[in-house]
Amino acid sequence: MADRLEGPALELVKDKNYATLSTLRKDGTIQSVVVWVDADDDGNVVVNTAEGRAWPANLRRTGHATVTVIQRENQYEWVAVTGEVIEDTHEEAEAVIHALANKYIGSDYPWLGEGEQRVTFRLRPTRVTYVKQG
């Protein structure tokens, strides 16, 4: 366990692997959603969503989340990154969702709704658990 996202753990996040973001609802139960994910040059986890969804409100309220990324060809290789929110911004958020879409589907994000406001969160790792078996 570490507090930095680096090496093979960072590669998992930067590669085309899907992630699950988990945070807490107001009632204390866990909410988990599948997200596209990336990492910035400082090793922070980057996620993007549309305003109005439940998980951004939960993330803002708690200030932290765990993002688990599973290697798409070896499900016994994974990284869980628990991090604190260090950025919550609408600035350039549409560009971020297009970059994520290009990473995962090879084109700009095709599902933007009219008037949809995108938001980007950056999470600074506080705990990184990397496992590789098989």
# chains A, B, ... in the order shown; residues from 1 in each chain; ligands from 1
>>> residues_around(residues="Asp3 of chain A", least_positions_apart="2", cutoff="8 Å", atoms="only C-alpha atoms", output="JSON list (two decimals) with C-alpha atoms, in the first residue's frame")
[["chain", "number", "residue", "atom", "x", "y", "z"],
["A", 1, "MET", "CA", 0.00, 0.00, 0.00],
["A", 5, "LEU", "CA", -0.10, 6.59, -7.89],
["A", 125, "PRO", "CA", -4.35, 9.72, -3.78],
["A", 126, "THR", "CA", -4.19, 9.15, -0.05],
["A", 127, "ARG", "CA", -4.07, 5.35, -0.30],
["A", 128, "VAL", "CA", -3.08, 3.22, -3.30]]
>>> closest_atom_pairs(of="segment 71-109 of chain A", to="segment 10-20 of chain A", cutoff="8 Å", atoms="only C-alpha atoms", output="Markdown table")
| residue | atom | partner | partner_atom | distance |
| --- | --- | --- | --- | --- |
| A:Gln71 | CA | A:Asn17 | CA | 5.7 |
| A:Arg72 | CA | A:Asn17 | CA | 5.6 |
| A:Trp78 | CA | A:Leu12 | CA | 7.4 |
| A:Val79 | CA | A:Leu12 | CA | 7.3 |
| A:Lys103 | CA | A:Lys16 | CA | 6.5 |
| A:Tyr104 | CA | A:Lys16 | CA | 5.9 |
>>> residues_around(residues="Arg118 of chain A", least_positions_apart="2", cutoff="9 Å", atoms="only C-alpha atoms", output="number ranges by chain")
A: 48-51, 89-94, 96-97, 112, 116, 120
>>> write_last_selection(atoms="N, CA and C atoms", output="CSV table (one decimal), in the first residue's frame")
chain,number,residue,atom,x,y,z
A,48,ASN,N,-14.9,12.6,-14.9
A,48,ASN,CA,-15.7,13.6,-15.4
A,48,ASN,C,-17.2,13.1,-15.5
A,49,THR,N,-18.1,13.9,-15.3
A,49,THR,CA,-19.5,13.5,-15.3
A,49,THR,C,-20.4,14.8,-15.7
A,50,ALA,N,-21.7,14.5,-15.7
A,50,ALA,CA,-22.6,15.6,-15.9
A,50,ALA,C,-23.2,16.1,-14.6
A,51,GLU,N,-23.4,17.4,-14.5
A,51,GLU,CA,-24.1,17.9,-13.3
A,51,GLU,C,-25.5,17.3,-13.2
A,89,THR,N,-14.3,21.3,-11.1
A,89,THR,CA,-14.4,22.4,-12.0
A,89,THR,C,-15.2,22.1,-13.3
A,90,HIS,N,-15.8,23.2,-13.8
A,90,HIS,CA,-16.5,23.1,-15.1
A,90,HIS,C,-15.6,23.6,-16.2
A,91,GLU,N,-14.5,24.3,-15.8
A,91,GLU,CA,-13.6,24.8,-16.8
A,91,GLU,C,-12.9,23.7,-17.5
A,92,GLU,N,-13.0,23.7,-18.9
A,92,GLU,CA,-12.5,22.7,-19.8
A,92,GLU,C,-13.1,21.3,-19.6
A,93,ALA,N,-14.2,21.2,-18.8
A,93,ALA,CA,-14.7,19.9,-18.6
A,93,ALA,C,-15.3,19.2,-19.8
A,94,GLU,N,-15.8,20.0,-20.8
A,94,GLU,CA,-16.2,19.3,-22.0
A,94,GLU,C,-15.0,18.8,-22.8
A,96,VAL,N,-12.3,17.6,-21.4
A,96,VAL,CA,-11.9,16.4,-20.7
A,96,VAL,C,-12.8,15.2,-21.1
A,97,ILE,N,-14.1,15.4,-21.2
A,97,ILE,CA,-15.0,14.3,-21.6
A,97,ILE,C,-14.7,13.8,-23.0
A,112,LEU,N,-23.5,14.0,-25.5
A,112,LEU,CA,-23.7,15.3,-24.8
A,112,LEU,C,-25.2,15.7,-25.0
A,116,GLU,N,-26.3,20.3,-21.3
A,116,GLU,CA,-25.6,19.5,-20.3
A,116,GLU,C,-24.3,20.3,-19.8
A,120,THR,N,-15.4,18.2,-14.0
A,120,THR,CA,-14.2,17.3,-13.9
A,120,THR,C,-13.8,17.4,-12.4
>>> select_by_dssp(residues="segment 19-88 of chain A", states="strand (DSSP E or B)", output="ChimeraX atom specification")
/A:19-24,30-35,38-39,45-50,64-70,77-88
>>> write_last_selection(atoms="N, CA and C atoms", output="mmCIF file, in the first residue's frame")
data_model
loop_
_atom_site.group_PDB
_atom_site.id
_atom_site.type_symbol
_atom_site.label_atom_id
_atom_site.label_comp_id
_atom_site.auth_asym_id
_atom_site.auth_seq_id
_atom_site.Cartn_x
_atom_site.Cartn_y
_atom_site.Cartn_z
ATOM 1 N N ALA A 19 -13.297 1.799 -14.709
ATOM 2 C CA ALA A 19 -13.142 2.002 -13.276
ATOM 3 C C ALA A 19 -14.508 2.030 -12.604
ATOM 4 N N THR A 20 -14.478 1.772 -11.313
ATOM 5 C CA THR A 20 -15.650 1.946 -10.469
ATOM 6 C C THR A 20 -15.305 2.993 -9.428
ATOM 7 N N LEU A 21 -16.112 4.041 -9.348
ATOM 8 C CA LEU A 21 -15.938 5.080 -8.351
ATOM 9 C C LEU A 21 -16.956 4.824 -7.248
ATOM 10 N N SER A 22 -16.481 4.774 -6.011
ATOM 11 C CA SER A 22 -17.364 4.529 -4.863
ATOM 12 C C SER A 22 -17.256 5.676 -3.875
ATOM 13 N N THR A 23 -18.420 6.144 -3.429
ATOM 14 C CA THR A 23 -18.486 7.188 -2.417
ATOM 15 C C THR A 23 -19.700 6.910 -1.547
ATOM 16 N N LEU A 24 -19.930 7.748 -0.558
ATOM 17 C CA LEU A 24 -21.024 7.498 0.377
ATOM 18 C C LEU A 24 -22.231 8.387 0.097
ATOM 19 N N ILE A 30 -23.040 2.816 0.445
ATOM 20 C CA ILE A 30 -22.029 3.047 -0.587
ATOM 21 C C ILE A 30 -22.698 3.147 -1.951
ATOM 22 N N GLN A 31 -22.323 4.148 -2.706
ATOM 23 C CA GLN A 31 -22.747 4.278 -4.096
ATOM 24 C C GLN A 31 -21.531 4.002 -4.967
ATOM 25 N N SER A 32 -21.677 3.082 -5.925
ATOM 26 C CA SER A 32 -20.602 2.765 -6.866
ATOM 27 C C SER A 32 -21.115 2.949 -8.277
ATOM 28 N N VAL A 33 -20.326 3.618 -9.111
ATOM 29 C CA VAL A 33 -20.677 3.851 -10.506
ATOM 30 C C VAL A 33 -19.484 3.523 -11.386
ATOM 31 N N VAL A 34 -19.751 3.032 -12.572
ATOM 32 C CA VAL A 34 -18.695 2.769 -13.554
ATOM 33 C C VAL A 34 -18.372 4.085 -14.254
ATOM 34 N N VAL A 35 -17.079 4.391 -14.337
ATOM 35 C CA VAL A 35 -16.648 5.651 -14.943
ATOM 36 C C VAL A 35 -15.443 5.423 -15.844
ATOM 37 N N ASP A 38 -8.750 8.687 -15.903
ATOM 38 C CA ASP A 38 -7.395 8.943 -16.371
ATOM 39 C C ASP A 38 -6.603 9.486 -15.181
ATOM 40 N N ALA A 39 -5.344 9.774 -15.417
ATOM 41 C CA ALA A 39 -4.497 10.382 -14.395
ATOM 42 C C ALA A 39 -3.764 11.548 -15.022
ATOM 43 N N VAL A 45 -6.040 11.227 -9.907
ATOM 44 C CA VAL A 45 -7.082 10.557 -10.682
ATOM 45 C C VAL A 45 -8.033 11.615 -11.233
ATOM 46 N N VAL A 46 -8.389 11.473 -12.520
ATOM 47 C CA VAL A 46 -9.270 12.426 -13.187
ATOM 48 C C VAL A 46 -10.536 11.697 -13.638
ATOM 49 N N VAL A 47 -11.698 12.212 -13.231
ATOM 50 C CA VAL A 47 -12.989 11.684 -13.664
ATOM 51 C C VAL A 47 -13.865 12.849 -14.100
ATOM 52 N N ASN A 48 -14.875 12.557 -14.880
ATOM 53 C CA ASN A 48 -15.739 13.591 -15.449
ATOM 54 C C ASN A 48 -17.160 13.060 -15.490
ATOM 55 N N THR A 49 -18.120 13.943 -15.274
ATOM 56 C CA THR A 49 -19.529 13.545 -15.310
ATOM 57 C C THR A 49 -20.377 14.758 -15.658
ATOM 58 N N ALA A 50 -21.681 14.537 -15.697
ATOM 59 C CA ALA A 50 -22.625 15.625 -15.934
ATOM 60 C C ALA A 50 -23.221 16.069 -14.602
ATOM 61 N N HIS A 64 -14.185 12.792 -0.699
ATOM 62 C CA HIS A 64 -13.268 11.714 -1.085
ATOM 63 C C HIS A 64 -14.041 10.544 -1.699
ATOM 64 N N ALA A 65 -13.304 9.685 -2.360
ATOM 65 C CA ALA A 65 -13.883 8.505 -3.011
ATOM 66 C C ALA A 65 -12.782 7.476 -3.196
ATOM 67 N N THR A 66 -13.200 6.266 -3.520
ATOM 68 C CA THR A 66 -12.261 5.229 -3.937
ATOM 69 C C THR A 66 -12.576 4.878 -5.381
ATOM 70 N N VAL A 67 -11.538 4.857 -6.188
ATOM 71 C CA VAL A 67 -11.654 4.488 -7.602
ATOM 72 C C VAL A 67 -10.887 3.186 -7.781
ATOM 73 N N THR A 68 -11.582 2.156 -8.257
ATOM 74 C CA THR A 68 -10.967 0.848 -8.494
ATOM 75 C C THR A 68 -10.903 0.618 -9.992
ATOM 76 N N VAL A 69 -9.724 0.299 -10.477
ATOM 77 C CA VAL A 69 -9.495 0.060 -11.907
ATOM 78 C C VAL A 69 -9.016 -1.376 -12.063
ATOM 79 N N ILE A 70 -9.686 -2.125 -12.936
ATOM 80 C CA ILE A 70 -9.359 -3.536 -13.169
ATOM 81 C C ILE A 70 -8.787 -3.682 -14.572
ATOM 82 N N GLU A 77 -5.461 -8.294 -11.844
ATOM 83 C CA GLU A 77 -4.585 -7.139 -11.707
ATOM 84 C C GLU A 77 -5.467 -5.915 -11.564
ATOM 85 N N TRP A 78 -5.327 -5.229 -10.453
ATOM 86 C CA TRP A 78 -6.185 -4.077 -10.209
ATOM 87 C C TRP A 78 -5.512 -3.094 -9.264
ATOM 88 N N VAL A 79 -6.038 -1.881 -9.261
ATOM 89 C CA VAL A 79 -5.582 -0.857 -8.335
ATOM 90 C C VAL A 79 -6.808 -0.175 -7.731
ATOM 91 N N ALA A 80 -6.762 0.043 -6.438
ATOM 92 C CA ALA A 80 -7.788 0.821 -5.736
ATOM 93 C C ALA A 80 -7.112 2.081 -5.215
ATOM 94 N N VAL A 81 -7.631 3.225 -5.635
ATOM 95 C CA VAL A 81 -7.070 4.515 -5.241
ATOM 96 C C VAL A 81 -8.106 5.250 -4.410
ATOM 97 N N THR A 82 -7.819 5.458 -3.154
ATOM 98 C CA THR A 82 -8.659 6.315 -2.320
ATOM 99 C C THR A 82 -8.029 7.694 -2.365
ATOM 100 N N GLY A 83 -8.865 8.693 -2.633
ATOM 101 C CA GLY A 83 -8.311 10.031 -2.779
ATOM 102 C C GLY A 83 -9.257 11.106 -2.312
ATOM 103 N N GLU A 84 -8.674 12.280 -2.101
ATOM 104 C CA GLU A 84 -9.458 13.442 -1.700
ATOM 105 C C GLU A 84 -9.633 14.367 -2.898
ATOM 106 N N VAL A 85 -10.773 15.019 -2.959
ATOM 107 C CA VAL A 85 -11.058 15.938 -4.051
ATOM 108 C C VAL A 85 -10.161 17.160 -3.909
ATOM 109 N N ILE A 86 -9.378 17.427 -4.956
ATOM 110 C CA ILE A 86 -8.547 18.631 -4.959
ATOM 111 C C ILE A 86 -8.986 19.599 -6.050
ATOM 112 N N GLU A 87 -9.866 19.122 -6.948
ATOM 113 C CA GLU A 87 -10.400 20.019 -7.969
ATOM 114 C C GLU A 87 -11.800 19.573 -8.330
ATOM 115 N N ASP A 88 -12.670 20.537 -8.481
ATOM 116 C CA ASP A 88 -14.071 20.354 -8.865
ATOM 117 C C ASP A 88 -14.362 21.527 -9.781
#
>>> closest_residue(among="A:Ala9, A:Thr29, A:Gly113, A:Gly134", to="Glu73 of chain A", atoms="only C-alpha atoms")
A:Gly134
>>> select_by_dssp(residues="segment 27-125 of chain A", states="alpha helix (DSSP H)", output="MDAnalysis selection string")
chainID A and resid 54:62 93:105
>>> closest_residue(among="A:Lys26, A:Ala101, A:Val119, A:Gly7", to="Arg61 of chain A", atoms="only C-alpha atoms")
A:Lys26
>>> closest_residue(among="A:Val37, A:Ala2, A:Leu123, A:Val131", to="Ala99 of chain A", atoms="only C-alpha atoms")
A:Val37
>>> atom_distance(atom1="atom CA of Arg25 of chain A", atom2="atom CA of Gly52 of chain A")
14.7 Å
>>> atom_distance(atom1="atom CA of Gln117 of chain A", atom2="atom CA of Asn58 of chain A")
17.3 Å
>>> closest_residue(among="A:Leu100, A:Glu6, A:Gln133, A:Gly63", to="Asp41 of chain A", atoms="only C-alpha atoms")
A:Glu6
>>> decode(residues="segment 54-90 of chain A", atoms="N, CA and C atoms", output="mmCIF file, in the first residue's frame")
data_model
loop_
_atom_site.group_PDB
_atom_site.id
_atom_site.type_symbol
_atom_site.label_atom_id
_atom_site.label_comp_id
_atom_site.auth_asym_id
_atom_site.auth_seq_id
_atom_site.Cartn_x
_atom_site.Cartn_y
_atom_site.Cartn_z
ATOM 1 N N ALA A 54 -26.301 11.824 -9.167
ATOM 2 C CA ALA A 54 -26.196 11.696 -7.708
ATOM 3 C C ALA A 54 -24.748 11.660 -7.223
ATOM 4 N N TRP A 55 -23.873 10.958 -7.937
ATOM 5 C CA TRP A 55 -22.543 10.750 -7.377
ATOM 6 C C TRP A 55 -21.713 12.025 -7.241
ATOM 7 N N PRO A 56 -21.838 13.011 -8.125
ATOM 8 C CA PRO A 56 -21.065 14.237 -7.879
ATOM 9 C C PRO A 56 -21.480 14.936 -6.582
ATOM 10 N N ALA A 57 -22.765 14.935 -6.275
ATOM 11 C CA ALA A 57 -23.230 15.543 -5.022
ATOM 12 C C ALA A 57 -22.662 14.785 -3.827
ATOM 13 N N ASN A 58 -22.653 13.461 -3.906
ATOM 14 C CA ASN A 58 -22.082 12.664 -2.822
ATOM 15 C C ASN A 58 -20.587 12.912 -2.681
ATOM 16 N N LEU A 59 -19.889 12.996 -3.813
ATOM 17 C CA LEU A 59 -18.446 13.246 -3.791
ATOM 18 C C LEU A 59 -18.147 14.614 -3.182
ATOM 19 N N ARG A 60 -18.921 15.611 -3.554
ATOM 20 C CA ARG A 60 -18.714 16.952 -2.993
ATOM 21 C C ARG A 60 -18.956 16.960 -1.477
ATOM 22 N N ARG A 61 -19.981 16.261 -1.058
ATOM 23 C CA ARG A 61 -20.323 16.245 0.363
ATOM 24 C C ARG A 61 -19.243 15.553 1.193
ATOM 25 N N THR A 62 -18.752 14.413 0.708
ATOM 26 C CA THR A 62 -17.769 13.646 1.486
ATOM 27 C C THR A 62 -16.343 14.129 1.270
ATOM 28 N N GLY A 63 -16.056 14.630 0.075
ATOM 29 C CA GLY A 63 -14.713 15.117 -0.231
ATOM 30 C C GLY A 63 -13.720 14.040 -0.608
ATOM 31 N N HIS A 64 -14.185 12.792 -0.699
ATOM 32 C CA HIS A 64 -13.268 11.714 -1.085
ATOM 33 C C HIS A 64 -14.041 10.544 -1.699
ATOM 34 N N ALA A 65 -13.304 9.685 -2.360
ATOM 35 C CA ALA A 65 -13.883 8.505 -3.011
ATOM 36 C C ALA A 65 -12.782 7.476 -3.196
ATOM 37 N N THR A 66 -13.200 6.266 -3.520
ATOM 38 C CA THR A 66 -12.261 5.229 -3.937
ATOM 39 C C THR A 66 -12.576 4.878 -5.381
ATOM 40 N N VAL A 67 -11.538 4.857 -6.188
ATOM 41 C CA VAL A 67 -11.654 4.488 -7.602
ATOM 42 C C VAL A 67 -10.887 3.186 -7.781
ATOM 43 N N THR A 68 -11.582 2.156 -8.257
ATOM 44 C CA THR A 68 -10.967 0.848 -8.494
ATOM 45 C C THR A 68 -10.903 0.618 -9.992
ATOM 46 N N VAL A 69 -9.724 0.299 -10.477
ATOM 47 C CA VAL A 69 -9.495 0.060 -11.907
ATOM 48 C C VAL A 69 -9.016 -1.376 -12.063
ATOM 49 N N ILE A 70 -9.686 -2.125 -12.936
ATOM 50 C CA ILE A 70 -9.359 -3.536 -13.169
ATOM 51 C C ILE A 70 -8.787 -3.682 -14.572
ATOM 52 N N GLN A 71 -7.661 -4.330 -14.671
ATOM 53 C CA GLN A 71 -7.017 -4.557 -15.972
ATOM 54 C C GLN A 71 -7.953 -5.383 -16.847
ATOM 55 N N ARG A 72 -8.241 -4.912 -18.042
ATOM 56 C CA ARG A 72 -9.275 -5.515 -18.888
ATOM 57 C C ARG A 72 -8.938 -6.926 -19.369
ATOM 58 N N GLU A 73 -7.677 -7.310 -19.410
ATOM 59 C CA GLU A 73 -7.315 -8.641 -19.887
ATOM 60 C C GLU A 73 -6.917 -9.594 -18.756
ATOM 61 N N ASN A 74 -6.675 -9.063 -17.575
ATOM 62 C CA ASN A 74 -6.340 -9.885 -16.409
ATOM 63 C C ASN A 74 -7.053 -9.282 -15.201
ATOM 64 N N GLN A 75 -8.226 -9.804 -14.894
ATOM 65 C CA GLN A 75 -9.040 -9.247 -13.822
ATOM 66 C C GLN A 75 -8.413 -9.430 -12.438
ATOM 67 N N TYR A 76 -7.308 -10.144 -12.363
ATOM 68 C CA TYR A 76 -6.595 -10.312 -11.103
ATOM 69 C C TYR A 76 -5.479 -9.274 -10.942
ATOM 70 N N GLU A 77 -5.461 -8.294 -11.844
ATOM 71 C CA GLU A 77 -4.585 -7.139 -11.707
ATOM 72 C C GLU A 77 -5.467 -5.915 -11.564
ATOM 73 N N TRP A 78 -5.327 -5.229 -10.453
ATOM 74 C CA TRP A 78 -6.185 -4.077 -10.209
ATOM 75 C C TRP A 78 -5.512 -3.094 -9.264
ATOM 76 N N VAL A 79 -6.038 -1.881 -9.261
ATOM 77 C CA VAL A 79 -5.582 -0.857 -8.335
ATOM 78 C C VAL A 79 -6.808 -0.175 -7.731
ATOM 79 N N ALA A 80 -6.762 0.043 -6.438
ATOM 80 C CA ALA A 80 -7.788 0.821 -5.736
ATOM 81 C C ALA A 80 -7.112 2.081 -5.215
ATOM 82 N N VAL A 81 -7.631 3.225 -5.635
ATOM 83 C CA VAL A 81 -7.070 4.515 -5.241
ATOM 84 C C VAL A 81 -8.106 5.250 -4.410
ATOM 85 N N THR A 82 -7.819 5.458 -3.154
ATOM 86 C CA THR A 82 -8.659 6.315 -2.320
ATOM 87 C C THR A 82 -8.029 7.694 -2.365
ATOM 88 N N GLY A 83 -8.865 8.693 -2.633
ATOM 89 C CA GLY A 83 -8.311 10.031 -2.779
ATOM 90 C C GLY A 83 -9.257 11.106 -2.312
ATOM 91 N N GLU A 84 -8.674 12.280 -2.101
ATOM 92 C CA GLU A 84 -9.458 13.442 -1.700
ATOM 93 C C GLU A 84 -9.633 14.367 -2.898
ATOM 94 N N VAL A 85 -10.773 15.019 -2.959
ATOM 95 C CA VAL A 85 -11.058 15.938 -4.051
ATOM 96 C C VAL A 85 -10.161 17.160 -3.909
ATOM 97 N N ILE A 86 -9.378 17.427 -4.956
ATOM 98 C CA ILE A 86 -8.547 18.631 -4.959
ATOM 99 C C ILE A 86 -8.986 19.599 -6.050
ATOM 100 N N GLU A 87 -9.866 19.122 -6.948
ATOM 101 C CA GLU A 87 -10.400 20.019 -7.969
ATOM 102 C C GLU A 87 -11.800 19.573 -8.330
ATOM 103 N N ASP A 88 -12.670 20.537 -8.481
ATOM 104 C CA ASP A 88 -14.071 20.354 -8.865
ATOM 105 C C ASP A 88 -14.362 21.527 -9.781
ATOM 106 N N THR A 89 -14.328 21.291 -11.101
ATOM 107 C CA THR A 89 -14.380 22.420 -12.025
ATOM 108 C C THR A 89 -15.205 22.130 -13.273
ATOM 109 N N HIS A 90 -15.823 23.194 -13.763
ATOM 110 C CA HIS A 90 -16.516 23.125 -15.062
ATOM 111 C C HIS A 90 -15.583 23.589 -16.180
#
